[in-house]
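Participant: Take a look at the following structure, please.
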Amino acid sequence: GNSMQGKHVLTWLDYTQSEISRLLAQAQYVKENPYTQSLKGKNLGMIFEKSSTRTRVSFEVGMVQMGGHALYLNSRDIQIGRGETIADTAQVLSGYVDALMFRTTSHEKLKELAEHASVPVINGLCDIYHPCQALADIFTILELKGRLEGLKIVYIGDGNNVAHSLMILSAMMGMEVVISTPEGYEPDGEITGKAQAIAKTYGGAVLLEADPKKAVEGADVIYTDVWTSMGQESETSVRLKAFNGYQVNQSLLKAAEADAVFLHCLPAHRGEEVTAEVIDGKQSAVFQQAENRMHVQKAILQATIGW
Ligand code: CP
Ligand code: NVA
């Protein structure tokens, strides 16, 4: 038994630093020992309302590596797409599978699925959080830097789902987090407040600094994400203008620590939020980061389904 068994993973706000440390240690273990029968005969149902490369493949391969199985359920193909309620879907699927993963347009739907499911529900990205991504990010930083506490991580760009989860988890691990966005694209105020409260508990800090050059001073990690997230395509041209000056390029990278690491959750748009020179350069760890999605998610699955 463990404290996470049967628990949902909707946001890391529901978790403690010791639970996260335990997940990180387990992720390290499964990375070194990938093939097990630890979830033999277990099934993960994965409901997608949006596109995915990493989330879909890493969850599916991760389950198979542990002796289990995963089902890809596109929301357009299952009855949800024809109006069957999330509550009914949750109860039906709970009778078949041992855990559910949901990538959705709204956190409300995720909460509804979790409320009615009798198996753990894992957030595979919603409008305000991307917890699996943040765990992989933190895990990657720990691998590269050997510690988390006291490191400075700077997120440049849109105050979106990825920024929110990164901010929460970095604060929980005692890091200094700086979020640099144009006016009007700041992270959600309530989530920022919660991350600041977490930082207070664990000795970290969460700050907003609109000037990216100032923000990256002394940074150990520079992170960015796309300016236009899935579902915001109609705002693309407005956003391209608004984010002018927030590109992570060589000159911005030079303003950080000499050994600063560049991270991006991917998919990336070279020439927009990051230059090819930076993302394909020697300080970039984006593919290690992408691979780590699988290792941390295997740890999450083991912990929530039961190890
Ligand atoms: N980073 C991430 O979640 O990628 P996908 O959209 O490809 O799953
Ligand atoms: N912020 C991006 C992340 C994609 C993995 C989006 O929501 O589209």
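In the structure tokens, chains take letters A, B, ... by order of appearance, with residues numbered from 1 within each chain and ligands from 1 in the order shown.
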Do you have, as JSON lines, the list of residues of chain A lying at most 8 Å from ligand 2, each with its nearest atom pair and that distance in Å to one decimal, counting only C-alpha atoms and all ligand atoms and ordered by chain then number?
Facilitator:
```
{"residue": "A:Ser52", "atom": "CA", "partner": "ligand 2", "partner_atom_place_in_ligand_line": "5 (C)", "distance": 7.5}
{"residue": "A:Leu125", "atom": "CA", "partner": "ligand 2", "partner_atom_place_in_ligand_line": "7 (O)", "distance": 6.9}
{"residue": "A:Cys126", "atom": "CA", "partner": "ligand 2", "partner_atom_place_in_ligand_line": "7 (O)", "distance": 7.1}
{"residue": "A:Asp127", "atom": "CA", "partner": "ligand 2", "partner_atom_place_in_ligand_line": "7 (O)", "distance": 6.6}
{"residue": "A:His130", "atom": "CA", "partner": "ligand 2", "partner_atom_place_in_ligand_line": "3 (C)", "distance": 7.7}
{"residue": "A:Gln133", "atom": "CA", "partner": "ligand 2", "partner_atom_place_in_ligand_line": "5 (C)", "distance": 8.0}
{"residue": "A:Asn160", "atom": "CA", "partner": "ligand 2", "partner_atom_place_in_ligand_line": "1 (N)", "distance": 5.9}
{"residue": "A:Asn161", "atom": "CA", "partner": "ligand 2", "partner_atom_place_in_ligand_line": "1 (N)", "distance": 5.7}
{"residue": "A:Val162", "atom": "CA", "partner": "ligand 2", "partner_atom_place_in_ligand_line": "1 (N)", "distance": 5.6}
{"residue": "A:Asp225", "atom": "CA", "partner": "ligand 2", "partner_atom_place_in_ligand_line": "1 (N)", "distance": 6.2}
{"residue": "A:Val226", "atom": "CA", "partner": "ligand 2", "partner_atom_place_in_ligand_line": "1 (N)", "distance": 6.1}
{"residue": "A:Trp227", "atom": "CA", "partner": "ligand 2", "partner_atom_place_in_ligand_line": "1 (N)", "distance": 7.8}
{"residue": "A:Thr228", "atom": "CA", "partner": "ligand 2", "partner_atom_place_in_ligand_line": "8 (O)", "distance": 7.0}
{"residue": "A:Ser229", "atom": "CA", "partner": "ligand 2", "partner_atom_place_in_ligand_line": "8 (O)", "distance": 3.5}
{"residue": "A:Met230", "atom": "CA", "partner": "ligand 2", "partner_atom_place_in_ligand_line": "8 (O)", "distance": 3.8}
{"residue": "A:Gly231", "atom": "CA", "partner": "ligand 2", "partner_atom_place_in_ligand_line": "8 (O)", "distance": 7.2}
{"residue": "A:Cys265", "atom": "CA", "partner": "ligand 2", "partner_atom_place_in_ligand_line": "5 (C)", "distance": 6.0}
{"residue": "A:Leu266", "atom": "CA", "partner": "ligand 2", "partner_atom_place_in_ligand_line": "5 (C)", "distance": 5.9}
{"residue": "A:Pro267", "atom": "CA", "partner": "ligand 2", "partner_atom_place_in_ligand_line": "5 (C)", "distance": 6.4}
```
Participant: Please give me, as a PyMOL selection string, the residues lying within 12 Å of ligand 1 when counting only C-alpha atoms and all ligand atoms.
Facilitator: chain A and resi 46+48-60+101-104+123-126+129-137+161-162+224-226+229-230+263-268+286-287+289-294+297
Participant: What would the file look like if the residues just selected were written as a compact mmCIF listing (two decimals), in the first residue's frame with N, CA and C atoms?
Facilitator:
```txt
# COMPACT_ATOMS: atom_id res chain seq x y z
N MET A 46 -7.37 5.49 -22.24
CA MET A 46 -6.85 6.84 -22.51
C MET A 46 -7.82 7.58 -23.42
N PHE A 48 -8.87 10.86 -25.43
CA PHE A 48 -8.26 12.06 -26.02
C PHE A 48 -9.29 12.93 -26.72
N GLU A 49 -9.40 14.18 -26.29
CA GLU A 49 -10.20 15.18 -27.01
C GLU A 49 -9.32 16.07 -27.90
N LYS A 50 -7.99 15.89 -27.76
CA LYS A 50 -7.04 16.70 -28.53
C LYS A 50 -5.93 15.80 -29.05
N SER A 51 -5.16 16.32 -29.99
CA SER A 51 -4.04 15.58 -30.57
C SER A 51 -2.97 15.26 -29.54
N SER A 52 -2.16 14.26 -29.84
CA SER A 52 -1.03 13.95 -28.98
C SER A 52 -0.05 13.03 -29.69
N THR A 53 1.22 13.27 -29.48
CA THR A 53 2.26 12.32 -29.89
C THR A 53 2.87 11.69 -28.64
N ARG A 54 3.49 12.53 -27.79
CA ARG A 54 4.21 12.05 -26.61
C ARG A 54 3.31 11.36 -25.59
N THR A 55 2.23 12.03 -25.22
CA THR A 55 1.38 11.51 -24.15
C THR A 55 0.81 10.16 -24.52
N ARG A 56 0.29 10.08 -25.72
CA ARG A 56 -0.31 8.83 -26.18
C ARG A 56 0.70 7.69 -26.21
N VAL A 57 1.83 7.92 -26.87
CA VAL A 57 2.79 6.84 -27.06
C VAL A 57 3.49 6.47 -25.75
N SER A 58 3.83 7.47 -24.96
CA SER A 58 4.56 7.17 -23.71
C SER A 58 3.68 6.41 -22.72
N PHE A 59 2.40 6.78 -22.62
CA PHE A 59 1.50 6.02 -21.72
C PHE A 59 1.31 4.60 -22.23
N GLU A 60 1.10 4.46 -23.53
CA GLU A 60 0.82 3.13 -24.07
C GLU A 60 2.03 2.21 -23.95
N MET A 101 -6.81 7.83 -18.25
CA MET A 101 -6.09 9.05 -18.55
C MET A 101 -7.01 9.88 -19.43
N PHE A 102 -7.05 11.18 -19.20
CA PHE A 102 -7.97 12.03 -19.95
C PHE A 102 -7.23 13.28 -20.41
N ARG A 103 -7.22 13.53 -21.72
CA ARG A 103 -6.73 14.80 -22.27
C ARG A 103 -7.95 15.56 -22.76
N THR A 104 -8.22 16.70 -22.13
CA THR A 104 -9.49 17.37 -22.37
C THR A 104 -9.37 18.88 -22.50
N ASN A 123 -4.60 13.25 -15.33
CA ASN A 123 -4.73 14.37 -16.26
C ASN A 123 -3.63 14.29 -17.33
N GLY A 124 -4.01 14.08 -18.57
CA GLY A 124 -3.05 14.02 -19.67
C GLY A 124 -2.97 15.34 -20.41
N LEU A 125 -3.34 16.41 -19.78
CA LEU A 125 -3.37 17.82 -20.25
C LEU A 125 -4.82 18.29 -20.29
N CYS A 126 -5.03 19.45 -19.70
CA CYS A 126 -6.32 20.12 -19.81
C CYS A 126 -6.06 21.60 -20.08
N TYR A 129 -3.90 22.73 -16.65
CA TYR A 129 -2.78 21.97 -16.07
C TYR A 129 -2.21 20.94 -17.06
N HIS A 130 -0.95 20.59 -16.81
CA HIS A 130 -0.33 19.46 -17.53
C HIS A 130 0.64 18.78 -16.54
N PRO A 131 0.09 18.10 -15.53
CA PRO A 131 0.92 17.60 -14.44
C PRO A 131 1.97 16.57 -14.85
N CYS A 132 1.64 15.68 -15.78
CA CYS A 132 2.62 14.65 -16.19
C CYS A 132 3.84 15.31 -16.82
N GLN A 133 3.59 16.37 -17.58
CA GLN A 133 4.68 17.11 -18.20
C GLN A 133 5.59 17.70 -17.13
N ALA A 134 5.00 18.34 -16.13
CA ALA A 134 5.80 19.00 -15.09
C ALA A 134 6.64 17.99 -14.32
N LEU A 135 6.09 16.80 -14.07
CA LEU A 135 6.88 15.79 -13.35
C LEU A 135 8.09 15.36 -14.19
N ALA A 136 7.88 15.21 -15.50
CA ALA A 136 8.98 14.87 -16.39
C ALA A 136 10.02 16.00 -16.43
N ASP A 137 9.55 17.23 -16.37
CA ASP A 137 10.44 18.40 -16.41
C ASP A 137 11.35 18.41 -15.19
N ASN A 161 -1.25 26.17 -19.42
CA ASN A 161 -1.32 24.90 -18.68
C ASN A 161 0.07 24.38 -18.26
N VAL A 162 1.01 24.42 -19.20
CA VAL A 162 2.36 23.92 -18.92
C VAL A 162 3.03 24.81 -17.86
N THR A 224 10.37 27.13 -22.36
CA THR A 224 9.29 27.80 -23.07
C THR A 224 8.33 26.79 -23.66
N ASP A 225 7.20 27.28 -24.09
CA ASP A 225 6.16 26.46 -24.74
C ASP A 225 5.59 27.31 -25.88
N VAL A 226 4.78 26.69 -26.69
CA VAL A 226 4.18 27.38 -27.84
C VAL A 226 3.37 28.61 -27.38
N SER A 229 -1.67 27.58 -27.98
CA SER A 229 -1.94 26.21 -27.57
C SER A 229 -3.06 25.60 -28.40
N MET A 230 -3.23 24.30 -28.27
CA MET A 230 -4.30 23.60 -28.98
C MET A 230 -5.64 24.21 -28.59
N LEU A 263 14.70 23.77 -21.88
CA LEU A 263 13.64 22.75 -21.93
C LEU A 263 12.41 23.29 -22.66
N HIS A 264 11.67 22.38 -23.26
CA HIS A 264 10.43 22.70 -23.99
C HIS A 264 9.60 21.42 -23.97
N CYS A 265 8.32 21.54 -23.63
CA CYS A 265 7.50 20.33 -23.53
C CYS A 265 7.29 19.65 -24.87
N LEU A 266 7.41 20.43 -25.96
CA LEU A 266 7.16 19.96 -27.33
C LEU A 266 5.67 19.65 -27.52
N PRO A 267 5.10 19.78 -28.70
CA PRO A 267 5.76 20.17 -29.95
C PRO A 267 6.19 21.64 -29.96
N ALA A 268 7.26 21.93 -30.73
CA ALA A 268 7.82 23.27 -30.81
C ALA A 268 7.57 23.91 -32.16
N VAL A 286 15.68 18.71 -24.75
CA VAL A 286 14.25 18.47 -24.99
C VAL A 286 13.90 17.02 -25.31
N PHE A 287 14.84 16.28 -25.90
CA PHE A 287 14.48 14.89 -26.24
C PHE A 287 14.65 13.96 -25.04
N GLN A 289 14.03 15.08 -22.10
CA GLN A 289 12.81 15.50 -21.39
C GLN A 289 11.60 14.74 -21.92
N ALA A 290 11.49 14.63 -23.25
CA ALA A 290 10.36 13.92 -23.85
C ALA A 290 10.39 12.44 -23.46
N GLU A 291 11.57 11.83 -23.50
CA GLU A 291 11.66 10.42 -23.12
C GLU A 291 11.22 10.23 -21.66
N ASN A 292 11.60 11.18 -20.83
CA ASN A 292 11.29 11.06 -19.41
C ASN A 292 9.80 11.09 -19.10
N ARG A 293 8.99 11.59 -20.03
CA ARG A 293 7.53 11.49 -19.85
C ARG A 293 7.14 10.05 -19.53
N MET A 294 7.71 9.13 -20.28
CA MET A 294 7.34 7.73 -20.11
C MET A 294 7.75 7.21 -18.73
N GLN A 297 5.58 8.74 -15.92
CA GLN A 297 4.20 8.26 -15.99
C GLN A 297 4.09 6.81 -15.54
```
Participant: Among region 37-221 of chain A, which residues does DSSP mark as strand (DSSP E) when it is run on the backbone? Keep the chain and numbering as in the structure and answer as a PyMOL selection string.
Facilitator: chain A and resi 43-48+69-74+99-103+121-123+152-156+176-180+205-208+221
Participant: I need the chosen residues saved as an mmCIF file, in the first residue's frame, with N, CA and C atoms.
Facilitator:
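Final file, part.cif:
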```cif
data_model
loop_
_atom_site.group_PDB
_atom_site.id
_atom_site.type_symbol
_atom_site.label_atom_id
_atom_site.label_comp_id
_atom_site.auth_asym_id
_atom_site.auth_seq_id
_atom_site.Cartn_x
_atom_site.Cartn_y
_atom_site.Cartn_z
ATOM 1 N N ASN A 43 -5.164 -2.602 -17.162
ATOM 2 C CA ASN A 43 -5.523 -1.853 -18.374
ATOM 3 C C ASN A 43 -5.718 -0.380 -18.071
ATOM 4 N N LEU A 44 -5.171 0.449 -18.957
ATOM 5 C CA LEU A 44 -5.334 1.903 -18.866
ATOM 6 C C LEU A 44 -6.197 2.362 -20.033
ATOM 7 N N GLY A 45 -7.285 3.063 -19.746
ATOM 8 C CA GLY A 45 -8.104 3.673 -20.794
ATOM 9 C C GLY A 45 -7.651 5.109 -20.994
ATOM 10 N N MET A 46 -7.366 5.489 -22.237
ATOM 11 C CA MET A 46 -6.846 6.845 -22.509
ATOM 12 C C MET A 46 -7.819 7.582 -23.419
ATOM 13 N N ILE A 47 -8.511 8.574 -22.870
ATOM 14 C CA ILE A 47 -9.487 9.336 -23.650
ATOM 15 C C ILE A 47 -8.838 10.636 -24.129
ATOM 16 N N PHE A 48 -8.867 10.858 -25.429
ATOM 17 C CA PHE A 48 -8.256 12.059 -26.016
ATOM 18 C C PHE A 48 -9.290 12.926 -26.718
ATOM 19 N N HIS A 69 -1.644 -3.067 -20.468
ATOM 20 C CA HIS A 69 -2.175 -2.746 -21.785
ATOM 21 C C HIS A 69 -2.826 -1.360 -21.714
ATOM 22 N N ALA A 70 -2.870 -0.666 -22.854
ATOM 23 C CA ALA A 70 -3.535 0.641 -22.878
ATOM 24 C C ALA A 70 -4.455 0.732 -24.087
ATOM 25 N N LEU A 71 -5.570 1.425 -23.900
ATOM 26 C CA LEU A 71 -6.532 1.599 -24.994
ATOM 27 C C LEU A 71 -6.608 3.060 -25.367
ATOM 28 N N TYR A 72 -6.387 3.349 -26.642
ATOM 29 C CA TYR A 72 -6.526 4.712 -27.149
ATOM 30 C C TYR A 72 -7.980 4.943 -27.521
ATOM 31 N N LEU A 73 -8.617 5.895 -26.837
ATOM 32 C CA LEU A 73 -10.032 6.191 -27.065
ATOM 33 C C LEU A 73 -10.168 7.635 -27.510
ATOM 34 N N ASN A 74 -10.339 7.834 -28.805
ATOM 35 C CA ASN A 74 -10.563 9.182 -29.308
ATOM 36 C C ASN A 74 -11.991 9.580 -28.953
ATOM 37 N N ALA A 99 -7.311 2.136 -14.631
ATOM 38 C CA ALA A 99 -7.020 3.573 -14.502
ATOM 39 C C ALA A 99 -7.462 4.246 -15.800
ATOM 40 N N LEU A 100 -7.722 5.544 -15.690
ATOM 41 C CA LEU A 100 -8.114 6.325 -16.865
ATOM 42 C C LEU A 100 -7.171 7.510 -17.021
ATOM 43 N N MET A 101 -6.813 7.828 -18.249
ATOM 44 C CA MET A 101 -6.091 9.046 -18.548
ATOM 45 C C MET A 101 -7.005 9.878 -19.435
ATOM 46 N N PHE A 102 -7.047 11.181 -19.197
ATOM 47 C CA PHE A 102 -7.968 12.034 -19.952
ATOM 48 C C PHE A 102 -7.233 13.281 -20.410
ATOM 49 N N ARG A 103 -7.220 13.533 -21.716
ATOM 50 C CA ARG A 103 -6.731 14.803 -22.274
ATOM 51 C C ARG A 103 -7.954 15.559 -22.759
ATOM 52 N N VAL A 121 -7.897 8.606 -11.989
ATOM 53 C CA VAL A 121 -7.935 9.391 -13.234
ATOM 54 C C VAL A 121 -6.689 10.272 -13.289
ATOM 55 N N ILE A 122 -5.985 10.193 -14.405
ATOM 56 C CA ILE A 122 -4.745 10.955 -14.590
ATOM 57 C C ILE A 122 -4.978 12.029 -15.652
ATOM 58 N N ASN A 123 -4.597 13.246 -15.330
ATOM 59 C CA ASN A 123 -4.730 14.369 -16.264
ATOM 60 C C ASN A 123 -3.632 14.290 -17.327
ATOM 61 N N LYS A 152 17.273 28.027 -10.073
ATOM 62 C CA LYS A 152 16.390 29.045 -10.652
ATOM 63 C C LYS A 152 15.890 28.586 -12.018
ATOM 64 N N ILE A 153 14.581 28.475 -12.148
ATOM 65 C CA ILE A 153 13.968 28.095 -13.415
ATOM 66 C C ILE A 153 13.142 29.269 -13.938
ATOM 67 N N VAL A 154 13.366 29.581 -15.202
ATOM 68 C CA VAL A 154 12.668 30.720 -15.803
ATOM 69 C C VAL A 154 11.822 30.238 -16.967
ATOM 70 N N TYR A 155 10.534 30.510 -16.888
ATOM 71 C CA TYR A 155 9.598 30.148 -17.950
ATOM 72 C C TYR A 155 9.271 31.419 -18.729
ATOM 73 N N ILE A 156 9.514 31.367 -20.038
ATOM 74 C CA ILE A 156 9.285 32.520 -20.902
ATOM 75 C C ILE A 156 8.136 32.218 -21.858
ATOM 76 N N GLU A 176 13.417 28.378 -7.261
ATOM 77 C CA GLU A 176 12.987 29.744 -7.534
ATOM 78 C C GLU A 176 12.433 29.759 -8.959
ATOM 79 N N VAL A 177 11.160 30.107 -9.101
ATOM 80 C CA VAL A 177 10.509 30.098 -10.410
ATOM 81 C C VAL A 177 10.218 31.532 -10.832
ATOM 82 N N VAL A 178 10.638 31.878 -12.034
ATOM 83 C CA VAL A 178 10.305 33.195 -12.567
ATOM 84 C C VAL A 178 9.511 32.984 -13.848
ATOM 85 N N ILE A 179 8.359 33.638 -13.928
ATOM 86 C CA ILE A 179 7.509 33.522 -15.113
ATOM 87 C C ILE A 179 7.548 34.860 -15.841
ATOM 88 N N SER A 180 7.938 34.820 -17.103
ATOM 89 C CA SER A 180 8.065 36.050 -17.889
ATOM 90 C C SER A 180 7.115 36.001 -19.080
ATOM 91 N N ALA A 205 10.439 30.169 -4.341
ATOM 92 C CA ALA A 205 9.839 31.473 -4.623
ATOM 93 C C ALA A 205 9.181 31.420 -5.993
ATOM 94 N N VAL A 206 8.105 32.171 -6.154
ATOM 95 C CA VAL A 206 7.446 32.289 -7.458
ATOM 96 C C VAL A 206 7.294 33.770 -7.764
ATOM 97 N N LEU A 207 7.925 34.210 -8.848
ATOM 98 C CA LEU A 207 7.932 35.633 -9.194
ATOM 99 C C LEU A 207 7.499 35.833 -10.632
ATOM 100 N N LEU A 208 6.909 36.977 -10.907
ATOM 101 C CA LEU A 208 6.596 37.366 -12.278
ATOM 102 C C LEU A 208 7.545 38.497 -12.669
ATOM 103 N N VAL A 221 17.770 26.997 -15.560
ATOM 104 C CA VAL A 221 16.901 26.342 -16.551
ATOM 105 C C VAL A 221 16.061 27.406 -17.242
#
```
Participant: Ranking A:Ile138, A:Ile168, A:Leu39, A:Met63 by minimum distance to Leu23 (chain A) and counting only C-alpha atoms, which one comes first?
Facilitator: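 Closest to Leu23 (chain A) of all the choices is A:Ile138.
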Participant: Taking only C-alpha atoms into account, which of A:Ile191, A:His8, A:His107, A:Gln302 comes nearest Tyr29 (chain A)?
Facilitator: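 Counting only C-alpha atoms, the residue closest to Tyr29 (chain A) is A:Gln302.
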Participant: Of the candidates A:Lys194, A:Lys282, A:Lys31, A:Arg270, which shows the shortest atom-to-atom distance to His295 (chain A), using only C-alpha atoms?
Facilitator: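 Between A:Lys194, A:Lys282, A:Lys31, A:Arg270, the residue approaching His295 (chain A) most closely is A:Lys31.
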Participant: Quick check for you: according to DSSP on this backbone, which residues of region 5-164 of chain A are classed as helix (DSSP H, G or I)? Reply as a PyMOL selection string.
Facilitator: chain A and resi 12-14+17-32+54-65+79-82+86-94+107-116+131-145+161-164
Participant: Rank A:Ala197, A:Glu209, A:Lys109, A:Tyr223 by their smallest atom-to-atom distance to Ala163 (chain A), using only C-alpha atoms, and report the top residue only.
Facilitator: A:Tyr223
Participant: Compare A:Gln65, A:Glu277, A:Gly245, A:Asp158 by their minimum atom-to-atom distance to Thr36 (chain A), counting only C-alpha atoms, and give me the closest one.
Facilitator: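 Of A:Gln65, A:Glu277, A:Gly245, A:Asp158, the one nearest Thr36 (chain A), counting only C-alpha atoms, is A:Gln65.
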Participant: Taking 6 positions as the minimum chain separation for residues in the same chain, which residues sit within 7 Å of Gly6 (chain A) when counting only C-alpha atoms? Answer as JSON, numbers by chain.
Facilitator: {"A": [119, 120, 304, 305]}
Participant: Store the residues of this selection in a file with N, CA and C atoms, as a PDB file, in the first residue's frame.
Facilitator:
```pdb
ATOM      1  N   VAL A 119     -11.887   4.307 -10.461  1.00  0.00           N
ATOM      2  CA  VAL A 119     -10.457   4.028 -10.659  1.00  0.00           C
ATOM      3  C   VAL A 119      -9.732   5.374 -10.746  1.00  0.00           C
ATOM      4  N   PRO A 120      -8.385   5.379 -10.527  1.00  0.00           N
ATOM      5  CA  PRO A 120      -7.663   6.655 -10.599  1.00  0.00           C
ATOM      6  C   PRO A 120      -7.742   7.297 -11.986  1.00  0.00           C
ATOM      7  N   THR A 304      -0.559   4.901  -8.448  1.00  0.00           N
ATOM      8  CA  THR A 304      -1.997   5.103  -8.340  1.00  0.00           C
ATOM      9  C   THR A 304      -2.785   3.808  -8.525  1.00  0.00           C
ATOM     10  N   ILE A 305      -2.312   2.943  -9.427  1.00  0.00           N
ATOM     11  CA  ILE A 305      -2.992   1.654  -9.586  1.00  0.00           C
ATOM     12  C   ILE A 305      -2.612   0.757  -8.406  1.00  0.00           C
TER      13      ILE A 305
END
```
